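Presented below is the structure to which this report refers.
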Amino acid sequence: MVISASTLNRSTLARQLLLRREHLDAADAVRRVVALQAQQPASPYIALWNRVAGFDPASLDEALAQLRAVRSTLMRITLHMVHADDYQAFREAMEPTLRASRLGDRRFRESGLTVADAEALLPDLLRHVERPFDAKDLHLRLGELRGTPLEPAAWRLLRQYVPWWHAPVGGPWSFGARQRYVAPGTPPVRRTDDAAAAGLASLILRYLEGFGPATLADMAQFTLVQRGRLRTAVQTLADRLERLDGPDGTVLYDVPGAPRPDPDTPAPPRLMAMWDSVLLAYADRSRVVPPAYRREVIRVNGDVLPTLLVDGRVAGVWRPLGPGVEVSAFHPLPERVWDELADEASSLAALLADRDPAAYRRYDHWWAKGLAAVDTRQLPGA
């Protein structure tokens, strides 16, 4: 069966709750979309506002406080928010990648710690976070255990490797510069091939539920797991996957029965969060990001700007400005689309006003450097 580029686009939008907002609890919404990239604290809230009907940010605060939705270093060695029930398998899948990238980093090795040393320290560190514990206090505890403080770069790498969750520290977005950690409810199994293989199989199935159909290259992009491990896992899952032909002859995989809407299904405009997962989940990002706009929204240092989707594809960028939202379109848009964007902007401005009206302000330098916009409008808040 050949899948068109338009069907791939609508499949992603449907699975990511971007064809229509749905009435869901915040933690359930996180599970539905599989993972939200979360290094920018406001982004998971804005991502769920795009996906959940009548989204109340307090519902995500509550899910995080109750540890039903959790934040940890996972796919792409980046902070993600996932459902607590998914964490164990996802972490086990990512263990070889995280261990090699964090404990194998030159800065970690030059600190005098070995992988074996780190493994010996983990039980004590995890015991200390059976309740939420500040990173600064943990750093002091680590110095006591070693007899000497650990260099800041090595401590950062170790923090990114330890299988713990970030504990909420308060408003406006539950997380901020202060860092606290808490032990996961069910600690992942580390450093066993069987656990890593089983975890990767689960991660692939969940990825396809939220982002499929997808290629092996897409899976590698989403996870940063070695292609060989992914290829073996896909072969192991052969009887649970559907194999399809992509529009350019590539092999696509999917879970049977997953939604693949008609390519003519209407897709309403959306104002997407920075680093929204739909922009980063594929090797071939043309599914959502037109190639001509890729460098405009994915900057040279890896910043992924907040974008607007029109008919399911990136058509520009936005930023909070004053009491409203400034929207810059990369190509002319019909007035009816601007009217729909104005409604979205009014709702988004209300969300931000209650939390942080100037969210993303530290990224304004990209606007100062200039954008390839043909029409920029200030859309008022509510």
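Each chain in the structure tokens gets a letter, A, B, ..., in the order shown, and its residues are numbered from 1; ligands are numbered from 1 in order too.
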(message) Taking 3 positions as the minimum chain separation for residues in the same chain, which residues sit within 9 Å of Glu92 (chain A) when counting only C-alpha atoms? Answer as a list of chain:residue names.
(response)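 Non-adjacent residues within range: A:Tyr87, A:Gln88, A:Ala89, A:Glu95, A:Pro96, A:Pro188, A:Val189, A:Arg190, A:Arg191, A:Thr192, A:Ala195, A:Ala196, A:Ala197, A:Ala198, A:Gly199, A:Leu200.
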(message) With DSSP run on the backbone, what are the strand (DSSP E) residues within region 74-172 of chain A? I'd like them as number ranges by chain.
(response) A: 79-83, 133-134, 165-166
Export N, CA and C atoms of the chosen residues as an mmCIF file, in the first residue's frame?
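Result file part.cif:
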data_model
loop_
_atom_site.group_PDB
_atom_site.id
_atom_site.type_symbol
_atom_site.label_atom_id
_atom_site.label_comp_id
_atom_site.auth_asym_id
_atom_site.auth_seq_id
_atom_site.Cartn_x
_atom_site.Cartn_y
_atom_site.Cartn_z
ATOM 1 N N LEU A 79 15.324 16.645 27.623
ATOM 2 C CA LEU A 79 14.220 16.585 28.567
ATOM 3 C C LEU A 79 12.899 16.380 27.830
ATOM 4 N N HIS A 80 12.159 15.381 28.260
ATOM 5 C CA HIS A 80 10.825 15.123 27.724
ATOM 6 C C HIS A 80 9.845 14.968 28.876
ATOM 7 N N MET A 81 8.592 15.274 28.605
ATOM 8 C CA MET A 81 7.505 14.976 29.522
ATOM 9 C C MET A 81 6.752 13.782 28.959
ATOM 10 N N VAL A 82 6.598 12.754 29.783
ATOM 11 C CA VAL A 82 5.905 11.535 29.369
ATOM 12 C C VAL A 82 4.966 11.107 30.482
ATOM 13 N N HIS A 83 4.076 10.182 30.166
ATOM 14 C CA HIS A 83 3.229 9.608 31.198
ATOM 15 C C HIS A 83 4.087 8.700 32.077
ATOM 16 N N PHE A 133 14.371 16.292 46.246
ATOM 17 C CA PHE A 133 15.632 16.772 46.809
ATOM 18 C C PHE A 133 16.253 17.767 45.844
ATOM 19 N N ASP A 134 16.775 18.880 46.380
ATOM 20 C CA ASP A 134 17.380 19.913 45.541
ATOM 21 C C ASP A 134 18.699 19.445 44.946
ATOM 22 N N TRP A 165 13.344 11.534 38.125
ATOM 23 C CA TRP A 165 12.412 12.498 37.551
ATOM 24 C C TRP A 165 12.704 13.879 38.121
ATOM 25 N N HIS A 166 12.432 14.906 37.343
ATOM 26 C CA HIS A 166 12.480 16.269 37.848
ATOM 27 C C HIS A 166 11.230 16.514 38.693
#
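Each of A:Tyr181, A:Trp366, A:Phe222, A:Trp173 was compared to Thr78 (chain A) using only C-alpha atoms, and A:Phe222 turns out to be the nearest.
Once Val278 (chain A) and its same-chain neighbours fewer than 4 positions away are set aside, Thr12, Leu13, Gln16, Phe211, Tyr282, Arg285 and Val288 of chain A remain within 9 Å of it when counting only C-alpha atoms.
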Please save all heavy atoms of the selected residues as a PDB file, in the first residue's frame.
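As a result, part_9.pdb now contains:
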ATOM      1  N   THR A  12      -0.188  12.216  11.208  1.00  0.00           N
ATOM      2  CA  THR A  12       0.508  12.838  12.331  1.00  0.00           C
ATOM      3  C   THR A  12      -0.419  13.771  13.090  1.00  0.00           C
ATOM      4  O   THR A  12      -0.494  13.739  14.325  1.00  0.00           O
ATOM      5  CB  THR A  12       1.749  13.609  11.844  1.00  0.00           C
ATOM      6  OG1 THR A  12       2.699  12.682  11.312  1.00  0.00           O
ATOM      7  CG2 THR A  12       2.392  14.406  12.965  1.00  0.00           C
ATOM      8  N   LEU A  13      -1.145  14.630  12.369  1.00  0.00           N
ATOM      9  CA  LEU A  13      -2.027  15.588  13.031  1.00  0.00           C
ATOM     10  C   LEU A  13      -3.110  14.880  13.838  1.00  0.00           C
ATOM     11  O   LEU A  13      -3.438  15.300  14.951  1.00  0.00           O
ATOM     12  CB  LEU A  13      -2.663  16.517  11.997  1.00  0.00           C
ATOM     13  CG  LEU A  13      -1.718  17.391  11.168  1.00  0.00           C
ATOM     14  CD1 LEU A  13      -2.528  18.292  10.242  1.00  0.00           C
ATOM     15  CD2 LEU A  13      -0.799  18.224  12.046  1.00  0.00           C
ATOM     16  N   GLN A  16      -1.587  13.323  16.956  1.00  0.00           N
ATOM     17  CA  GLN A  16      -1.098  14.348  17.865  1.00  0.00           C
ATOM     18  C   GLN A  16      -2.204  15.319  18.318  1.00  0.00           C
ATOM     19  O   GLN A  16      -1.918  16.373  18.880  1.00  0.00           O
ATOM     20  CB  GLN A  16       0.042  15.120  17.200  1.00  0.00           C
ATOM     21  CG  GLN A  16       1.343  14.337  17.117  1.00  0.00           C
ATOM     22  CD  GLN A  16       1.932  14.101  18.496  1.00  0.00           C
ATOM     23  OE1 GLN A  16       2.155  15.033  19.251  1.00  0.00           O
ATOM     24  NE2 GLN A  16       2.182  12.838  18.821  1.00  0.00           N
ATOM     25  N   PHE A 211       3.121   8.956  16.208  1.00  0.00           N
ATOM     26  CA  PHE A 211       3.748   9.683  15.108  1.00  0.00           C
ATOM     27  C   PHE A 211       3.769   8.921  13.781  1.00  0.00           C
ATOM     28  O   PHE A 211       4.204   9.464  12.774  1.00  0.00           O
ATOM     29  CB  PHE A 211       5.194  10.043  15.475  1.00  0.00           C
ATOM     30  CG  PHE A 211       5.311  10.975  16.642  1.00  0.00           C
ATOM     31  CD1 PHE A 211       5.530  10.492  17.925  1.00  0.00           C
ATOM     32  CD2 PHE A 211       5.182  12.339  16.473  1.00  0.00           C
ATOM     33  CE1 PHE A 211       5.644  11.350  19.009  1.00  0.00           C
ATOM     34  CE2 PHE A 211       5.297  13.212  17.545  1.00  0.00           C
ATOM     35  CZ  PHE A 211       5.527  12.716  18.815  1.00  0.00           C
ATOM     36  N   TYR A 282      10.846  13.383  13.082  1.00  0.00           N
ATOM     37  CA  TYR A 282      11.104  12.705  11.810  1.00  0.00           C
ATOM     38  C   TYR A 282      12.446  13.105  11.218  1.00  0.00           C
ATOM     39  O   TYR A 282      12.906  14.244  11.389  1.00  0.00           O
ATOM     40  CB  TYR A 282      10.007  13.055  10.795  1.00  0.00           C
ATOM     41  CG  TYR A 282       8.617  12.768  11.303  1.00  0.00           C
ATOM     42  CD1 TYR A 282       7.813  13.801  11.794  1.00  0.00           C
ATOM     43  CD2 TYR A 282       8.116  11.470  11.322  1.00  0.00           C
ATOM     44  CE1 TYR A 282       6.538  13.543  12.286  1.00  0.00           C
ATOM     45  CE2 TYR A 282       6.846  11.203  11.808  1.00  0.00           C
ATOM     46  CZ  TYR A 282       6.062  12.246  12.290  1.00  0.00           C
ATOM     47  OH  TYR A 282       4.810  11.982  12.780  1.00  0.00           O
ATOM     48  N   ARG A 285      11.475  15.969   7.728  1.00  0.00           N
ATOM     49  CA  ARG A 285      10.564  16.876   8.399  1.00  0.00           C
ATOM     50  C   ARG A 285       9.609  17.567   7.442  1.00  0.00           C
ATOM     51  O   ARG A 285       8.761  18.356   7.868  1.00  0.00           O
ATOM     52  CB  ARG A 285      11.364  17.893   9.203  1.00  0.00           C
ATOM     53  CG  ARG A 285      12.113  17.220  10.352  1.00  0.00           C
ATOM     54  CD  ARG A 285      13.045  18.143  11.079  1.00  0.00           C
ATOM     55  NE  ARG A 285      13.709  17.422  12.150  1.00  0.00           N
ATOM     56  CZ  ARG A 285      14.723  17.914  12.858  1.00  0.00           C
ATOM     57  NH1 ARG A 285      15.188  19.122  12.607  1.00  0.00           N
ATOM     58  NH2 ARG A 285      15.288  17.201  13.826  1.00  0.00           N
ATOM     59  N   VAL A 288       5.730  18.030   7.929  1.00  0.00           N
ATOM     60  CA  VAL A 288       5.087  19.160   8.598  1.00  0.00           C
ATOM     61  C   VAL A 288       5.789  20.482   8.274  1.00  0.00           C
ATOM     62  O   VAL A 288       5.148  21.529   8.232  1.00  0.00           O
ATOM     63  CB  VAL A 288       5.064  18.931  10.128  1.00  0.00           C
ATOM     64  CG1 VAL A 288       4.481  20.128  10.860  1.00  0.00           C
ATOM     65  CG2 VAL A 288       4.273  17.679  10.481  1.00  0.00           C
TER      66      VAL A 288
END
(request) Go through A:Asp239, A:Asp117, A:Asp85, A:Asp262 one by one, measure the shortest atom-to-atom distance of each to Arg206 (chain A) using only C-alpha atoms, and give the residue with the smallest value. (result)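 Closest candidate: A:Asp85.
The coordinates place CA of Arg287 (chain A) at 27.5 Å from CA of Ala359 (chain A).
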Please identify every residue of region 25-120 of chain A that has at least one atom no farther than 12 Å from an atom of region 167-170 of chain A, counting only C-alpha atoms, and for each give the shortest atom pair and the distance in Å to one decimal, arranged by chain then increasing number, as CSV.
residue,atom,partner,partner_atom,distance
A:Pro41,CA,A:Pro168,CA,10.6
A:Ala58,CA,A:Gly170,CA,11.5
A:Leu60,CA,A:Pro168,CA,11.0
A:Asp61,CA,A:Pro168,CA,8.3
A:Glu62,CA,A:Pro168,CA,10.0
A:Ala63,CA,A:Pro168,CA,10.3
A:Leu64,CA,A:Pro168,CA,6.8
A:Ala65,CA,A:Pro168,CA,6.4
A:Gln66,CA,A:Pro168,CA,9.7
A:Leu67,CA,A:Ala167,CA,8.3
A:Arg68,CA,A:Ala167,CA,11.6
A:Ala69,CA,A:Ala167,CA,10.7
A:Val70,CA,A:Ala167,CA,8.1
A:Arg71,CA,A:Ala167,CA,7.9
A:Ser72,CA,A:Ala167,CA,9.5
A:Met81,CA,A:Ala167,CA,11.8
(request) Report the distance between CA of Val52 (chain A) and CA of Leu24 (chain A) in Å, rounded to one decimal place. (result)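 These two atoms are separated by 6.2 Å.
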(request) Figure out the distance between CA of Ala154 (chain A) and CA of Ile77 (chain A), please, to one decimal in Å. (result)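 These atoms are spaced 15.5 Å apart.
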(request) Could you please write out, as a PyMOL selection string, every residue of region 268-320 of chain A that DSSP assigns to alpha helix (DSSP H)? (result) chain A and resi 294-297
Expected file: the selected residues, N, CA and C atoms, as a PDB file, in the first residue's frame:
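File written: result27.pdb
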ATOM      1  N   ARG A 294      12.547  25.427   6.635  1.00  0.00           N
ATOM      2  CA  ARG A 294      13.203  24.692   7.719  1.00  0.00           C
ATOM      3  C   ARG A 294      14.222  25.553   8.455  1.00  0.00           C
ATOM      4  N   ARG A 295      15.072  26.276   7.724  1.00  0.00           N
ATOM      5  CA  ARG A 295      16.106  27.067   8.394  1.00  0.00           C
ATOM      6  C   ARG A 295      15.533  28.271   9.123  1.00  0.00           C
ATOM      7  N   GLU A 296      14.346  28.674   8.747  1.00  0.00           N
ATOM      8  CA  GLU A 296      13.713  29.790   9.440  1.00  0.00           C
ATOM      9  C   GLU A 296      13.212  29.380  10.824  1.00  0.00           C
ATOM     10  N   VAL A 297      12.779  28.139  10.946  1.00  0.00           N
ATOM     11  CA  VAL A 297      12.180  27.721  12.219  1.00  0.00           C
ATOM     12  C   VAL A 297      13.110  26.850  13.059  1.00  0.00           C
TER      13      VAL A 297
END
(request) Considering only C-alpha atoms, return as number ranges by chain whatever protein or nucleic-acid residues lie within 9 Å of Val325 (chain A), sequence-local ones (same chain, fewer than 6 positions apart) excluded. (result) A: 318-319, 342, 345-346, 348-349, 377-381
Residues of the last selection are to be written out with all heavy atoms, as a PDB file, in the first residue's frame.
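Contents of out_22.pdb, freshly written:
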ATOM      1  N   TRP A 318       5.526  32.745  15.541  1.00  0.00           N
ATOM      2  CA  TRP A 318       4.839  33.687  16.409  1.00  0.00           C
ATOM      3  C   TRP A 318       5.670  33.917  17.663  1.00  0.00           C
ATOM      4  O   TRP A 318       6.559  33.139  17.987  1.00  0.00           O
ATOM      5  CB  TRP A 318       3.437  33.183  16.795  1.00  0.00           C
ATOM      6  CG  TRP A 318       3.438  31.946  17.651  1.00  0.00           C
ATOM      7  CD1 TRP A 318       3.423  30.652  17.227  1.00  0.00           C
ATOM      8  CD2 TRP A 318       3.496  31.893  19.089  1.00  0.00           C
ATOM      9  NE1 TRP A 318       3.451  29.785  18.291  1.00  0.00           N
ATOM     10  CE2 TRP A 318       3.500  30.525  19.447  1.00  0.00           C
ATOM     11  CE3 TRP A 318       3.541  32.852  20.097  1.00  0.00           C
ATOM     12  CZ2 TRP A 318       3.543  30.101  20.776  1.00  0.00           C
ATOM     13  CZ3 TRP A 318       3.594  32.431  21.428  1.00  0.00           C
ATOM     14  CH2 TRP A 318       3.586  31.078  21.750  1.00  0.00           C
ATOM     15  N   ARG A 319       5.334  34.995  18.367  1.00  0.00           N
ATOM     16  CA  ARG A 319       5.927  35.254  19.681  1.00  0.00           C
ATOM     17  C   ARG A 319       4.959  36.104  20.496  1.00  0.00           C
ATOM     18  O   ARG A 319       4.177  36.891  19.936  1.00  0.00           O
ATOM     19  CB  ARG A 319       7.262  35.984  19.552  1.00  0.00           C
ATOM     20  CG  ARG A 319       7.164  37.355  18.881  1.00  0.00           C
ATOM     21  CD  ARG A 319       8.480  38.098  18.956  1.00  0.00           C
ATOM     22  NE  ARG A 319       8.443  39.346  18.191  1.00  0.00           N
ATOM     23  CZ  ARG A 319       9.349  40.306  18.301  1.00  0.00           C
ATOM     24  NH1 ARG A 319      10.373  40.175  19.127  1.00  0.00           N
ATOM     25  NH2 ARG A 319       9.247  41.409  17.561  1.00  0.00           N
ATOM     26  N   ALA A 342      -6.483  34.787  14.746  1.00  0.00           N
ATOM     27  CA  ALA A 342      -6.797  35.788  15.773  1.00  0.00           C
ATOM     28  C   ALA A 342      -7.535  35.143  16.940  1.00  0.00           C
ATOM     29  O   ALA A 342      -7.284  35.473  18.115  1.00  0.00           O
ATOM     30  CB  ALA A 342      -7.632  36.909  15.166  1.00  0.00           C
ATOM     31  N   ALA A 345      -4.937  33.235  18.842  1.00  0.00           N
ATOM     32  CA  ALA A 345      -4.057  34.151  19.563  1.00  0.00           C
ATOM     33  C   ALA A 345      -4.728  34.701  20.822  1.00  0.00           C
ATOM     34  O   ALA A 345      -4.084  34.853  21.865  1.00  0.00           O
ATOM     35  CB  ALA A 345      -3.623  35.293  18.647  1.00  0.00           C
ATOM     36  N   SER A 346      -6.015  34.991  20.733  1.00  0.00           N
ATOM     37  CA  SER A 346      -6.742  35.499  21.890  1.00  0.00           C
ATOM     38  C   SER A 346      -6.746  34.471  23.022  1.00  0.00           C
ATOM     39  O   SER A 346      -6.510  34.805  24.197  1.00  0.00           O
ATOM     40  CB  SER A 346      -8.172  35.859  21.487  1.00  0.00           C
ATOM     41  OG  SER A 346      -8.916  36.289  22.594  1.00  0.00           O
ATOM     42  N   LEU A 348      -4.593  31.932  23.390  1.00  0.00           N
ATOM     43  CA  LEU A 348      -3.218  31.722  23.852  1.00  0.00           C
ATOM     44  C   LEU A 348      -2.770  32.867  24.753  1.00  0.00           C
ATOM     45  O   LEU A 348      -2.131  32.646  25.792  1.00  0.00           O
ATOM     46  CB  LEU A 348      -2.283  31.584  22.658  1.00  0.00           C
ATOM     47  CG  LEU A 348      -0.792  31.448  22.978  1.00  0.00           C
ATOM     48  CD1 LEU A 348      -0.525  30.266  23.897  1.00  0.00           C
ATOM     49  CD2 LEU A 348       0.020  31.309  21.682  1.00  0.00           C
ATOM     50  N   ALA A 349      -3.096  34.106  24.368  1.00  0.00           N
ATOM     51  CA  ALA A 349      -2.705  35.259  25.180  1.00  0.00           C
ATOM     52  C   ALA A 349      -3.329  35.169  26.571  1.00  0.00           C
ATOM     53  O   ALA A 349      -2.702  35.551  27.567  1.00  0.00           O
ATOM     54  CB  ALA A 349      -3.111  36.551  24.484  1.00  0.00           C
ATOM     55  N   ARG A 377       1.575  40.484  11.708  1.00  0.00           N
ATOM     56  CA  ARG A 377       0.438  41.157  12.321  1.00  0.00           C
ATOM     57  C   ARG A 377       0.460  40.952  13.832  1.00  0.00           C
ATOM     58  O   ARG A 377       0.827  39.869  14.327  1.00  0.00           O
ATOM     59  CB  ARG A 377      -0.887  40.630  11.755  1.00  0.00           C
ATOM     60  CG  ARG A 377      -0.996  40.785  10.253  1.00  0.00           C
ATOM     61  CD  ARG A 377      -2.401  40.464   9.769  1.00  0.00           C
ATOM     62  NE  ARG A 377      -2.468  40.456   8.302  1.00  0.00           N
ATOM     63  CZ  ARG A 377      -3.584  40.313   7.595  1.00  0.00           C
ATOM     64  NH1 ARG A 377      -4.753  40.191   8.242  1.00  0.00           N
ATOM     65  NH2 ARG A 377      -3.553  40.313   6.284  1.00  0.00           N
ATOM     66  N   GLN A 378       0.042  41.999  14.534  1.00  0.00           N
ATOM     67  CA  GLN A 378      -0.126  41.930  15.978  1.00  0.00           C
ATOM     68  C   GLN A 378      -1.574  41.547  16.252  1.00  0.00           C
ATOM     69  O   GLN A 378      -2.493  42.305  15.962  1.00  0.00           O
ATOM     70  CB  GLN A 378       0.202  43.274  16.622  1.00  0.00           C
ATOM     71  CG  GLN A 378      -0.008  43.318  18.114  1.00  0.00           C
ATOM     72  CD  GLN A 378       1.048  42.554  18.897  1.00  0.00           C
ATOM     73  OE1 GLN A 378       2.104  42.231  18.349  1.00  0.00           O
ATOM     74  NE2 GLN A 378       0.765  42.253  20.143  1.00  0.00           N
ATOM     75  N   LEU A 379      -1.763  40.334  16.764  1.00  0.00           N
ATOM     76  CA  LEU A 379      -3.104  39.834  17.055  1.00  0.00           C
ATOM     77  C   LEU A 379      -3.405  40.068  18.523  1.00  0.00           C
ATOM     78  O   LEU A 379      -2.625  39.645  19.401  1.00  0.00           O
ATOM     79  CB  LEU A 379      -3.208  38.359  16.699  1.00  0.00           C
ATOM     80  CG  LEU A 379      -2.855  38.009  15.233  1.00  0.00           C
ATOM     81  CD1 LEU A 379      -3.022  36.510  14.987  1.00  0.00           C
ATOM     82  CD2 LEU A 379      -3.717  38.804  14.261  1.00  0.00           C
ATOM     83  N   PRO A 380      -4.481  40.746  18.849  1.00  0.00           N
ATOM     84  CA  PRO A 380      -4.735  41.164  20.228  1.00  0.00           C
ATOM     85  C   PRO A 380      -5.116  39.992  21.110  1.00  0.00           C
ATOM     86  O   PRO A 380      -5.608  38.951  20.667  1.00  0.00           O
ATOM     87  CB  PRO A 380      -5.887  42.156  20.094  1.00  0.00           C
ATOM     88  CG  PRO A 380      -6.596  41.742  18.837  1.00  0.00           C
ATOM     89  CD  PRO A 380      -5.528  41.218  17.931  1.00  0.00           C
ATOM     90  N   GLY A 381      -4.887  40.185  22.417  1.00  0.00           N
ATOM     91  CA  GLY A 381      -5.341  39.216  23.401  1.00  0.00           C
ATOM     92  C   GLY A 381      -6.828  39.369  23.639  1.00  0.00           C
ATOM     93  O   GLY A 381      -7.514  40.181  23.008  1.00  0.00           O
TER      94      GLY A 381
END
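Minimum atom-to-atom distances from A:Ser286, A:Ser6, A:Thr236, A:Asn50 to Arg21 (chain A) were compared using only C-alpha atoms, and the lowest value belongs to A:Asn50.
Restricting the calculation to only C-alpha atoms, the smallest distance between Trp164 (chain A) and any of A:Val129, A:Leu145, A:Met1, A:Leu36 is found for A:Val129.
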